[in-house]
Amino acid sequence: MLAGDDIEEGEVVFTIPRSALLHQETTKVSVLLEKERSSLESSSGWVPLLLALLYEYTSSQSHWKPYLSLWTDFKTLDHPMFWSKEERDKLLRGTGIPEAVDTDLANIQRDYTDVVLPFIAKHPDLWNPDTHTLELYTKLVAFVMAYSFQEPQEEEDSEDDDEEDEEEKAPNPPMMVPMADMLNHVSNHNANLEFTPDSLKMVCVRPICKGEEVFNTYGQMSNWQLLHMYGFTEPYRNNGSDTADVPVANLYKVATQGVQSEPDRQLVEEQWEMLCQMMREKGSFVFGKQGCLTDTELHTALKMMCMSKEEFSEFKDNEGWEEDEEDEIPLAFSNEGIPGLKASWKRLIHEAARLTVRSYGDVEGGQGVKSDQALMEDTAAFEGLGSRKQNALQVRCGQKSILHRLMELTQS
């Protein structure tokens, strides 16, 4: 979408009435979906919307046909879930995307088989398994991933008990928002979608000159998240929200390297077991362009894995340690603070980052971050690549540049 004239900050670019939104409460089959809501529960919470889309997309009488006809068989969708597994594993190794896609595809298959098929079999007047196939269902999942919006939760009274708080934190179901979904995303956006009781409004957040593109934001999204969820990337240098993950397990691998004696090995194993209990399901430390974004978790891990036998024994006797000044932790794990960390902490971070870089393997003939950057800066060579290779390169290059910067900051 291009600006036909200058747009001032605060100006409403367009307004979408709530009656124009497509979701499980506005579809023609809304009454049925609400009536049988309990049988449509899934881990994603998307099944009711997907059933609505299955119906509306294939109904010649659909009120939403003019909107849905913009996507002819969803041929423009090119999420990694539509790549071959071989292509994903080759181009995206080490990025976290192949594993995320495998999880997605398993969940899609399970939801379709266990929830969707039994439901549509009960309602043959509205759905048909020969028309509403797993292939179409998967395309619609990608459509929802790429084009839907979720309304932010309203702030609730903080006095509610913990169980109610957990329920209230469940996100609102996604909905399709015509017009808003045609805007592209960049991290340095110039418009933002605002929700009001009667409508949704695209509001200019900084001046837009005539002829400039109007950009929305999908949130703070790294390139691997953009490619996984939306099927595109930003130039990695422009994406201020780019991140790289360092698996927690790499910290353990580094901590066990060079351990000679059995007592030392037992100490590391006990520390690791204790850390796993404390970290629960935190699988990775996340680093952004300005430092660690999971600084509290990294601080806990380094403190645990670098304790001496005496310190660990005292930790167990006291059932924990005295709390550090939490305000100081983010500064300590920023790019400015990391060089000042203890030498033992820096070694663990450095070697864990090195292991992570190795996990990318040899892509397209074996190239490190410098080779990736050289290929990207060679305009002719870069443009000669297909879009999938270009997007994979943006993801890899962005992640590896963050990891190499981290290794520089922790160099002893």
# chains A, B, ... in the order shown; residues from 1 in each chain; ligands from 1
call {"tool": "residues_around", "arguments": {"residues": "Ala20 in chain A", "least_positions_apart": "5", "cutoff": "10 Å", "atoms": "only C-alpha atoms", "output": "number ranges by chain"}}
result
A: 26, 64, 176-179, 199-200
call {"tool": "select_by_dssp", "arguments": {"residues": "range 203-360 of chain A", "states": "strand (DSSP E)", "output": "PDB file with all heavy atoms, in the first residue's frame"}}
result
ATOM      1  N   VAL A 203      -3.388   3.298  12.127  1.00  0.00           N
ATOM      2  CA  VAL A 203      -3.018   4.659  12.514  1.00  0.00           C
ATOM      3  C   VAL A 203      -1.550   4.912  12.169  1.00  0.00           C
ATOM      4  O   VAL A 203      -0.678   4.082  12.442  1.00  0.00           O
ATOM      5  CB  VAL A 203      -3.261   4.882  14.021  1.00  0.00           C
ATOM      6  CG1 VAL A 203      -2.870   6.304  14.425  1.00  0.00           C
ATOM      7  CG2 VAL A 203      -4.716   4.604  14.375  1.00  0.00           C
ATOM      8  N   CYS A 204      -1.302   6.051  11.566  1.00  0.00           N
ATOM      9  CA  CYS A 204       0.064   6.461  11.229  1.00  0.00           C
ATOM     10  C   CYS A 204       0.834   6.788  12.507  1.00  0.00           C
ATOM     11  O   CYS A 204       0.358   7.567  13.337  1.00  0.00           O
ATOM     12  CB  CYS A 204      -0.003   7.669  10.301  1.00  0.00           C
ATOM     13  SG  CYS A 204       1.608   8.335   9.846  1.00  0.00           S
ATOM     14  N   PHE A 215       3.750   0.726   6.074  1.00  0.00           N
ATOM     15  CA  PHE A 215       4.179  -0.528   6.693  1.00  0.00           C
ATOM     16  C   PHE A 215       3.522  -0.700   8.058  1.00  0.00           C
ATOM     17  O   PHE A 215       3.556   0.201   8.900  1.00  0.00           O
ATOM     18  CB  PHE A 215       5.701  -0.557   6.889  1.00  0.00           C
ATOM     19  CG  PHE A 215       6.478  -0.768   5.623  1.00  0.00           C
ATOM     20  CD1 PHE A 215       7.165   0.286   5.034  1.00  0.00           C
ATOM     21  CD2 PHE A 215       6.543  -2.022   5.029  1.00  0.00           C
ATOM     22  CE1 PHE A 215       7.904   0.089   3.871  1.00  0.00           C
ATOM     23  CE2 PHE A 215       7.276  -2.224   3.869  1.00  0.00           C
ATOM     24  CZ  PHE A 215       7.961  -1.166   3.285  1.00  0.00           C
ATOM     25  N   ASN A 216       2.960  -1.872   8.283  1.00  0.00           N
ATOM     26  CA  ASN A 216       2.451  -2.259   9.588  1.00  0.00           C
ATOM     27  C   ASN A 216       3.564  -2.976  10.348  1.00  0.00           C
ATOM     28  O   ASN A 216       4.662  -3.182   9.808  1.00  0.00           O
ATOM     29  CB  ASN A 216       1.233  -3.182   9.393  1.00  0.00           C
ATOM     30  CG  ASN A 216       0.551  -3.526  10.698  1.00  0.00           C
ATOM     31  OD1 ASN A 216       0.672  -2.799  11.684  1.00  0.00           O
ATOM     32  ND2 ASN A 216      -0.178  -4.622  10.711  1.00  0.00           N
ATOM     33  N   THR A 243      17.336 -12.079  16.204  1.00  0.00           N
ATOM     34  CA  THR A 243      17.888 -12.794  17.362  1.00  0.00           C
ATOM     35  C   THR A 243      18.599 -14.057  16.912  1.00  0.00           C
ATOM     36  O   THR A 243      18.418 -14.541  15.799  1.00  0.00           O
ATOM     37  CB  THR A 243      16.779 -13.211  18.351  1.00  0.00           C
ATOM     38  OG1 THR A 243      15.869 -14.113  17.689  1.00  0.00           O
ATOM     39  CG2 THR A 243      16.028 -12.010  18.886  1.00  0.00           C
ATOM     40  N   ALA A 244      19.405 -14.598  17.827  1.00  0.00           N
ATOM     41  CA  ALA A 244      20.021 -15.916  17.654  1.00  0.00           C
ATOM     42  C   ALA A 244      19.878 -16.668  18.971  1.00  0.00           C
ATOM     43  O   ALA A 244      20.043 -16.087  20.046  1.00  0.00           O
ATOM     44  CB  ALA A 244      21.495 -15.774  17.280  1.00  0.00           C
ATOM     45  N   ASP A 245      19.563 -17.951  18.870  1.00  0.00           N
ATOM     46  CA  ASP A 245      19.396 -18.782  20.062  1.00  0.00           C
ATOM     47  C   ASP A 245      20.661 -19.588  20.329  1.00  0.00           C
ATOM     48  O   ASP A 245      21.261 -20.146  19.399  1.00  0.00           O
ATOM     49  CB  ASP A 245      18.234 -19.764  19.884  1.00  0.00           C
ATOM     50  CG  ASP A 245      16.871 -19.084  19.891  1.00  0.00           C
ATOM     51  OD1 ASP A 245      16.840 -17.839  19.991  1.00  0.00           O
ATOM     52  OD2 ASP A 245      15.859 -19.795  19.805  1.00  0.00           O
ATOM     53  N   VAL A 246      21.039 -19.675  21.597  1.00  0.00           N
ATOM     54  CA  VAL A 246      22.113 -20.571  22.028  1.00  0.00           C
ATOM     55  C   VAL A 246      21.453 -21.634  22.911  1.00  0.00           C
ATOM     56  O   VAL A 246      20.961 -21.322  23.989  1.00  0.00           O
ATOM     57  CB  VAL A 246      23.202 -19.823  22.827  1.00  0.00           C
ATOM     58  CG1 VAL A 246      24.217 -20.810  23.389  1.00  0.00           C
ATOM     59  CG2 VAL A 246      23.891 -18.783  21.950  1.00  0.00           C
ATOM     60  N   PRO A 247      21.394 -22.892  22.442  1.00  0.00           N
ATOM     61  CA  PRO A 247      20.736 -23.931  23.244  1.00  0.00           C
ATOM     62  C   PRO A 247      21.350 -24.058  24.634  1.00  0.00           C
ATOM     63  O   PRO A 247      22.581 -24.021  24.782  1.00  0.00           O
ATOM     64  CB  PRO A 247      20.963 -25.204  22.419  1.00  0.00           C
ATOM     65  CG  PRO A 247      21.153 -24.710  21.020  1.00  0.00           C
ATOM     66  CD  PRO A 247      21.874 -23.402  21.151  1.00  0.00           C
ATOM     67  N   SER A 284      16.545 -22.493  25.263  1.00  0.00           N
ATOM     68  CA  SER A 284      17.613 -21.693  24.663  1.00  0.00           C
ATOM     69  C   SER A 284      17.754 -20.351  25.366  1.00  0.00           C
ATOM     70  O   SER A 284      16.793 -19.846  25.956  1.00  0.00           O
ATOM     71  CB  SER A 284      17.331 -21.435  23.176  1.00  0.00           C
ATOM     72  OG  SER A 284      17.319 -22.623  22.435  1.00  0.00           O
ATOM     73  N   PHE A 285      18.947 -19.790  25.278  1.00  0.00           N
ATOM     74  CA  PHE A 285      19.169 -18.391  25.651  1.00  0.00           C
ATOM     75  C   PHE A 285      19.059 -17.581  24.361  1.00  0.00           C
ATOM     76  O   PHE A 285      19.606 -17.983  23.325  1.00  0.00           O
ATOM     77  CB  PHE A 285      20.554 -18.204  26.273  1.00  0.00           C
ATOM     78  CG  PHE A 285      20.812 -19.103  27.456  1.00  0.00           C
ATOM     79  CD1 PHE A 285      21.739 -20.123  27.371  1.00  0.00           C
ATOM     80  CD2 PHE A 285      20.105 -18.938  28.637  1.00  0.00           C
ATOM     81  CE1 PHE A 285      21.979 -20.965  28.452  1.00  0.00           C
ATOM     82  CE2 PHE A 285      20.327 -19.775  29.730  1.00  0.00           C
ATOM     83  CZ  PHE A 285      21.264 -20.788  29.637  1.00  0.00           C
ATOM     84  N   VAL A 286      18.358 -16.471  24.424  1.00  0.00           N
ATOM     85  CA  VAL A 286      18.107 -15.675  23.224  1.00  0.00           C
ATOM     86  C   VAL A 286      18.966 -14.414  23.269  1.00  0.00           C
ATOM     87  O   VAL A 286      18.927 -13.654  24.250  1.00  0.00           O
ATOM     88  CB  VAL A 286      16.616 -15.289  23.110  1.00  0.00           C
ATOM     89  CG1 VAL A 286      16.369 -14.522  21.808  1.00  0.00           C
ATOM     90  CG2 VAL A 286      15.732 -16.534  23.169  1.00  0.00           C
ATOM     91  N   PHE A 287      19.743 -14.205  22.200  1.00  0.00           N
ATOM     92  CA  PHE A 287      20.588 -13.017  22.094  1.00  0.00           C
ATOM     93  C   PHE A 287      20.092 -12.150  20.950  1.00  0.00           C
ATOM     94  O   PHE A 287      19.813 -12.649  19.854  1.00  0.00           O
ATOM     95  CB  PHE A 287      22.053 -13.410  21.859  1.00  0.00           C
ATOM     96  CG  PHE A 287      22.707 -14.037  23.055  1.00  0.00           C
ATOM     97  CD1 PHE A 287      22.577 -15.399  23.297  1.00  0.00           C
ATOM     98  CD2 PHE A 287      23.423 -13.256  23.952  1.00  0.00           C
ATOM     99  CE1 PHE A 287      23.165 -15.978  24.414  1.00  0.00           C
ATOM    100  CE2 PHE A 287      24.018 -13.825  25.070  1.00  0.00           C
ATOM    101  CZ  PHE A 287      23.886 -15.188  25.311  1.00  0.00           C
ATOM    102  N   GLY A 288      19.977 -10.847  21.221  1.00  0.00           N
ATOM    103  CA  GLY A 288      19.616  -9.888  20.199  1.00  0.00           C
ATOM    104  C   GLY A 288      20.823  -9.062  19.800  1.00  0.00           C
ATOM    105  O   GLY A 288      21.960  -9.365  20.187  1.00  0.00           O
ATOM    106  N   GLY A 291      22.425  -7.483  23.037  1.00  0.00           N
ATOM    107  CA  GLY A 291      22.781  -8.292  24.189  1.00  0.00           C
ATOM    108  C   GLY A 291      21.806  -9.431  24.399  1.00  0.00           C
ATOM    109  O   GLY A 291      21.035  -9.778  23.507  1.00  0.00           O
ATOM    110  N   CYS A 292      21.847 -10.018  25.601  1.00  0.00           N
ATOM    111  CA  CYS A 292      21.010 -11.181  25.905  1.00  0.00           C
ATOM    112  C   CYS A 292      19.596 -10.735  26.284  1.00  0.00           C
ATOM    113  O   CYS A 292      19.427  -9.866  27.137  1.00  0.00           O
ATOM    114  CB  CYS A 292      21.623 -11.995  27.043  1.00  0.00           C
ATOM    115  SG  CYS A 292      20.712 -13.516  27.393  1.00  0.00           S
TER     116      CYS A 292
END
call {"tool": "residues_around", "arguments": {"residues": "Thr131 in chain A", "least_positions_apart": "4", "cutoff": "9 Å", "atoms": "only C-alpha atoms", "output": "ChimeraX atom specification"}}
result
/A:54,58,127,136
call {"tool": "residues_around", "arguments": {"residues": "Asp5 in chain A", "least_positions_apart": "4", "cutoff": "9 Å", "atoms": "only C-alpha atoms", "output": "list in words"}}
result
Ile208, Cys209, Lys210 and Gly211 of chain A
call {"tool": "residues_around", "arguments": {"residues": "Val141 in chain A", "least_positions_apart": "4", "cutoff": "9 Å", "atoms": "only C-alpha atoms", "output": "ChimeraX atom specification"}}
result
/A:46,50,108,136-137,145-146
call {"tool": "closest_residue", "arguments": {"among": "A:Val248, A:Glu151, A:Val395, A:Arg265", "to": "Met279 in chain A", "atoms": "only C-alpha atoms"}}
result
A:Val248
call {"tool": "closest_residue", "arguments": {"among": "A:Leu49, A:Ile349, A:Leu126, A:Leu227", "to": "Trp83 in chain A", "atoms": "only C-alpha atoms"}}
result
A:Leu227
call {"tool": "closest_residue", "arguments": {"among": "A:Gly386, A:Gly398, A:Pro98, A:Pro80", "to": "Tyr230 in chain A", "atoms": "only C-alpha atoms"}}
result
A:Pro80
call {"tool": "atom_distance", "arguments": {"atom1": "CA of Glu311 in chain A", "atom2": "CA of Gln271 in chain A"}}
result
11.0 Å
call {"tool": "select_by_dssp", "arguments": {"residues": "range 103-252 of chain A", "states": "alpha helix (DSSP H)", "output": "PyMOL selection string"}}
result
chain A and resi 103-111+117-122+134-147+162-168+223-230+248-252
call {"tool": "residues_around", "arguments": {"residues": "range 340-347 of chain A", "least_positions_apart": "6", "cutoff": "12 Å", "atoms": "only C-alpha atoms", "output": "PDB file with N, CA, C and O atoms, in the first residue's frame"}}
result
ATOM      1  N   LEU A 251      25.600 -25.240  26.873  1.00  0.00           N
ATOM      2  CA  LEU A 251      26.289 -24.832  28.095  1.00  0.00           C
ATOM      3  C   LEU A 251      26.764 -26.072  28.853  1.00  0.00           C
ATOM      4  O   LEU A 251      27.879 -26.108  29.377  1.00  0.00           O
ATOM      5  N   VAL A 254      29.772 -27.684  27.100  1.00  0.00           N
ATOM      6  CA  VAL A 254      31.004 -26.950  27.372  1.00  0.00           C
ATOM      7  C   VAL A 254      31.487 -27.219  28.796  1.00  0.00           C
ATOM      8  O   VAL A 254      32.685 -27.423  29.036  1.00  0.00           O
ATOM      9  N   ALA A 255      30.550 -27.251  29.746  1.00  0.00           N
ATOM     10  CA  ALA A 255      30.910 -27.449  31.151  1.00  0.00           C
ATOM     11  C   ALA A 255      31.535 -28.821  31.392  1.00  0.00           C
ATOM     12  O   ALA A 255      32.375 -28.984  32.285  1.00  0.00           O
ATOM     13  N   GLN A 257      33.341 -30.473  29.128  1.00  0.00           N
ATOM     14  CA  GLN A 257      34.593 -30.620  28.382  1.00  0.00           C
ATOM     15  C   GLN A 257      35.790 -30.443  29.320  1.00  0.00           C
ATOM     16  O   GLN A 257      35.842 -29.483  30.092  1.00  0.00           O
ATOM     17  N   LEU A 298      20.069 -16.699  31.795  1.00  0.00           N
ATOM     18  CA  LEU A 298      21.500 -16.891  31.543  1.00  0.00           C
ATOM     19  C   LEU A 298      22.299 -16.659  32.822  1.00  0.00           C
ATOM     20  O   LEU A 298      23.234 -17.411  33.124  1.00  0.00           O
ATOM     21  N   HIS A 299      21.918 -15.647  33.567  1.00  0.00           N
ATOM     22  CA  HIS A 299      22.585 -15.348  34.840  1.00  0.00           C
ATOM     23  C   HIS A 299      22.480 -16.545  35.788  1.00  0.00           C
ATOM     24  O   HIS A 299      23.469 -16.971  36.401  1.00  0.00           O
ATOM     25  N   THR A 300      21.288 -17.106  35.892  1.00  0.00           N
ATOM     26  CA  THR A 300      21.071 -18.270  36.759  1.00  0.00           C
ATOM     27  C   THR A 300      21.931 -19.444  36.312  1.00  0.00           C
ATOM     28  O   THR A 300      22.575 -20.118  37.131  1.00  0.00           O
ATOM     29  N   ALA A 301      21.962 -19.705  35.003  1.00  0.00           N
ATOM     30  CA  ALA A 301      22.705 -20.849  34.463  1.00  0.00           C
ATOM     31  C   ALA A 301      24.206 -20.707  34.699  1.00  0.00           C
ATOM     32  O   ALA A 301      24.875 -21.660  35.125  1.00  0.00           O
ATOM     33  N   LEU A 302      24.735 -19.528  34.432  1.00  0.00           N
ATOM     34  CA  LEU A 302      26.181 -19.320  34.606  1.00  0.00           C
ATOM     35  C   LEU A 302      26.571 -19.425  36.080  1.00  0.00           C
ATOM     36  O   LEU A 302      27.602 -20.014  36.426  1.00  0.00           O
ATOM     37  N   LYS A 303      25.736 -18.854  36.922  1.00  0.00           N
ATOM     38  CA  LYS A 303      26.018 -18.886  38.360  1.00  0.00           C
ATOM     39  C   LYS A 303      26.024 -20.332  38.865  1.00  0.00           C
ATOM     40  O   LYS A 303      26.890 -20.736  39.646  1.00  0.00           O
ATOM     41  N   MET A 304      25.045 -21.109  38.369  1.00  0.00           N
ATOM     42  CA  MET A 304      24.939 -22.510  38.791  1.00  0.00           C
ATOM     43  C   MET A 304      26.116 -23.340  38.286  1.00  0.00           C
ATOM     44  O   MET A 304      26.769 -24.055  39.041  1.00  0.00           O
ATOM     45  N   MET A 305      26.419 -23.247  36.977  1.00  0.00           N
ATOM     46  CA  MET A 305      27.407 -24.134  36.377  1.00  0.00           C
ATOM     47  C   MET A 305      28.851 -23.755  36.731  1.00  0.00           C
ATOM     48  O   MET A 305      29.760 -24.553  36.496  1.00  0.00           O
ATOM     49  N   CYS A 306      29.040 -22.562  37.281  1.00  0.00           N
ATOM     50  CA  CYS A 306      30.401 -22.133  37.632  1.00  0.00           C
ATOM     51  C   CYS A 306      30.667 -22.180  39.136  1.00  0.00           C
ATOM     52  O   CYS A 306      31.709 -21.701  39.598  1.00  0.00           O
ATOM     53  N   MET A 307      29.739 -22.740  39.896  1.00  0.00           N
ATOM     54  CA  MET A 307      29.949 -22.828  41.351  1.00  0.00           C
ATOM     55  C   MET A 307      30.997 -23.889  41.688  1.00  0.00           C
ATOM     56  O   MET A 307      31.055 -24.940  41.035  1.00  0.00           O
ATOM     57  N   SER A 308      31.781 -23.605  42.723  1.00  0.00           N
ATOM     58  CA  SER A 308      32.716 -24.601  43.244  1.00  0.00           C
ATOM     59  C   SER A 308      31.923 -25.637  44.051  1.00  0.00           C
ATOM     60  O   SER A 308      30.733 -25.452  44.328  1.00  0.00           O
ATOM     61  N   ILE A 329      21.166  -6.961  36.346  1.00  0.00           N
ATOM     62  CA  ILE A 329      21.363  -8.103  35.449  1.00  0.00           C
ATOM     63  C   ILE A 329      21.280  -7.703  33.972  1.00  0.00           C
ATOM     64  O   ILE A 329      22.164  -8.066  33.190  1.00  0.00           O
ATOM     65  N   LEU A 331      21.952  -4.940  32.453  1.00  0.00           N
ATOM     66  CA  LEU A 331      23.137  -4.188  32.065  1.00  0.00           C
ATOM     67  C   LEU A 331      24.343  -5.110  31.949  1.00  0.00           C
ATOM     68  O   LEU A 331      25.149  -5.006  31.013  1.00  0.00           O
ATOM     69  N   ALA A 332      24.449  -6.088  32.866  1.00  0.00           N
ATOM     70  CA  ALA A 332      25.592  -7.003  32.858  1.00  0.00           C
ATOM     71  C   ALA A 332      25.624  -7.854  31.601  1.00  0.00           C
ATOM     72  O   ALA A 332      26.697  -8.236  31.116  1.00  0.00           O
ATOM     73  N   PHE A 333      24.451  -8.164  31.048  1.00  0.00           N
ATOM     74  CA  PHE A 333      24.395  -9.041  29.873  1.00  0.00           C
ATOM     75  C   PHE A 333      24.056  -8.286  28.592  1.00  0.00           C
ATOM     76  O   PHE A 333      23.676  -8.877  27.591  1.00  0.00           O
ATOM     77  N   SER A 334      24.223  -6.956  28.626  1.00  0.00           N
ATOM     78  CA  SER A 334      24.157  -6.168  27.399  1.00  0.00           C
ATOM     79  C   SER A 334      25.515  -6.254  26.708  1.00  0.00           C
ATOM     80  O   SER A 334      26.502  -6.713  27.301  1.00  0.00           O
ATOM     81  N   ALA A 353      28.523 -20.444  22.295  1.00  0.00           N
ATOM     82  CA  ALA A 353      28.233 -19.746  21.034  1.00  0.00           C
ATOM     83  C   ALA A 353      28.988 -20.401  19.882  1.00  0.00           C
ATOM     84  O   ALA A 353      28.454 -20.555  18.776  1.00  0.00           O
ATOM     85  N   ARG A 354      30.227 -20.817  20.145  1.00  0.00           N
ATOM     86  CA  ARG A 354      31.027 -21.479  19.103  1.00  0.00           C
ATOM     87  C   ARG A 354      30.354 -22.790  18.669  1.00  0.00           C
ATOM     88  O   ARG A 354      30.255 -23.098  17.478  1.00  0.00           O
ATOM     89  N   LEU A 406      28.940 -12.017  19.723  1.00  0.00           N
ATOM     90  CA  LEU A 406      28.985 -12.520  21.094  1.00  0.00           C
ATOM     91  C   LEU A 406      30.335 -13.181  21.406  1.00  0.00           C
ATOM     92  O   LEU A 406      30.894 -12.992  22.494  1.00  0.00           O
ATOM     93  N   MET A 407      30.877 -13.905  20.429  1.00  0.00           N
ATOM     94  CA  MET A 407      32.180 -14.530  20.630  1.00  0.00           C
ATOM     95  C   MET A 407      33.280 -13.475  20.748  1.00  0.00           C
ATOM     96  O   MET A 407      34.227 -13.643  21.535  1.00  0.00           O
ATOM     97  N   GLU A 408      33.162 -12.395  20.002  1.00  0.00           N
ATOM     98  CA  GLU A 408      34.139 -11.318  20.119  1.00  0.00           C
ATOM     99  C   GLU A 408      34.088 -10.674  21.506  1.00  0.00           C
ATOM    100  O   GLU A 408      35.133 -10.381  22.110  1.00  0.00           O
ATOM    101  N   LEU A 409      32.880 -10.478  22.008  1.00  0.00           N
ATOM    102  CA  LEU A 409      32.712  -9.828  23.309  1.00  0.00           C
ATOM    103  C   LEU A 409      33.211 -10.700  24.465  1.00  0.00           C
ATOM    104  O   LEU A 409      33.531 -10.191  25.543  1.00  0.00           O
ATOM    105  N   THR A 410      33.236 -12.034  24.250  1.00  0.00           N
ATOM    106  CA  THR A 410      33.644 -12.945  25.334  1.00  0.00           C
ATOM    107  C   THR A 410      35.032 -13.523  25.091  1.00  0.00           C
ATOM    108  O   THR A 410      35.445 -14.459  25.782  1.00  0.00           O
ATOM    109  N   GLN A 411      35.751 -12.967  24.137  1.00  0.00           N
ATOM    110  CA  GLN A 411      37.105 -13.434  23.838  1.00  0.00           C
ATOM    111  C   GLN A 411      37.999 -13.175  25.041  1.00  0.00           C
ATOM    112  O   GLN A 411      38.018 -12.074  25.582  1.00  0.00           O
ATOM    113  N   SER A 412      38.751 -14.202  25.460  1.00  0.00           N
ATOM    114  CA  SER A 412      39.625 -14.011  26.636  1.00  0.00           C
ATOM    115  C   SER A 412      40.962 -13.407  26.193  1.00  0.00           C
ATOM    116  O   SER A 412      41.322 -13.456  25.039  1.00  0.00           O
TER     117      SER A 412
END
call {"tool": "residues_around", "arguments": {"residues": "Thr76 in chain A", "least_positions_apart": "5", "cutoff": "10 Å", "atoms": "only C-alpha atoms", "output": "PDB file with all heavy atoms, in the first residue's frame"}}
result
ATOM      1  N   TRP A  71      -6.891 -14.965  -2.896  1.00  0.00           N
ATOM      2  CA  TRP A  71      -5.873 -16.006  -2.755  1.00  0.00           C
ATOM      3  C   TRP A  71      -6.296 -17.206  -3.592  1.00  0.00           C
ATOM      4  O   TRP A  71      -7.097 -18.044  -3.151  1.00  0.00           O
ATOM      5  CB  TRP A  71      -5.709 -16.396  -1.289  1.00  0.00           C
ATOM      6  CG  TRP A  71      -5.006 -15.333  -0.513  1.00  0.00           C
ATOM      7  CD1 TRP A  71      -3.665 -15.169  -0.360  1.00  0.00           C
ATOM      8  CD2 TRP A  71      -5.613 -14.251   0.209  1.00  0.00           C
ATOM      9  NE1 TRP A  71      -3.391 -14.057   0.407  1.00  0.00           N
ATOM     10  CE2 TRP A  71      -4.572 -13.473   0.773  1.00  0.00           C
ATOM     11  CE3 TRP A  71      -6.919 -13.856   0.446  1.00  0.00           C
ATOM     12  CZ2 TRP A  71      -4.799 -12.341   1.535  1.00  0.00           C
ATOM     13  CZ3 TRP A  71      -7.158 -12.726   1.212  1.00  0.00           C
ATOM     14  CH2 TRP A  71      -6.102 -11.979   1.745  1.00  0.00           C
ATOM     15  N   PHE A 143      -2.154 -19.656   5.857  1.00  0.00           N
ATOM     16  CA  PHE A 143      -2.887 -18.410   5.595  1.00  0.00           C
ATOM     17  C   PHE A 143      -3.157 -17.667   6.907  1.00  0.00           C
ATOM     18  O   PHE A 143      -2.932 -16.451   7.011  1.00  0.00           O
ATOM     19  CB  PHE A 143      -4.198 -18.770   4.884  1.00  0.00           C
ATOM     20  CG  PHE A 143      -5.118 -17.605   4.611  1.00  0.00           C
ATOM     21  CD1 PHE A 143      -4.674 -16.486   3.925  1.00  0.00           C
ATOM     22  CD2 PHE A 143      -6.449 -17.650   5.007  1.00  0.00           C
ATOM     23  CE1 PHE A 143      -5.532 -15.411   3.650  1.00  0.00           C
ATOM     24  CE2 PHE A 143      -7.314 -16.598   4.746  1.00  0.00           C
ATOM     25  CZ  PHE A 143      -6.855 -15.478   4.068  1.00  0.00           C
ATOM     26  N   GLY A 231       6.718 -16.415   5.923  1.00  0.00           N
ATOM     27  CA  GLY A 231       7.277 -16.785   4.631  1.00  0.00           C
ATOM     28  C   GLY A 231       8.155 -15.731   3.986  1.00  0.00           C
ATOM     29  O   GLY A 231       8.400 -15.794   2.779  1.00  0.00           O
TER      30      GLY A 231
END
call {"tool": "closest_residue", "arguments": {"among": "A:Ser313, A:Gln150, A:Gln290, A:Gln394", "to": "Trp224 in chain A", "atoms": "only C-alpha atoms"}}
result
A:Gln394
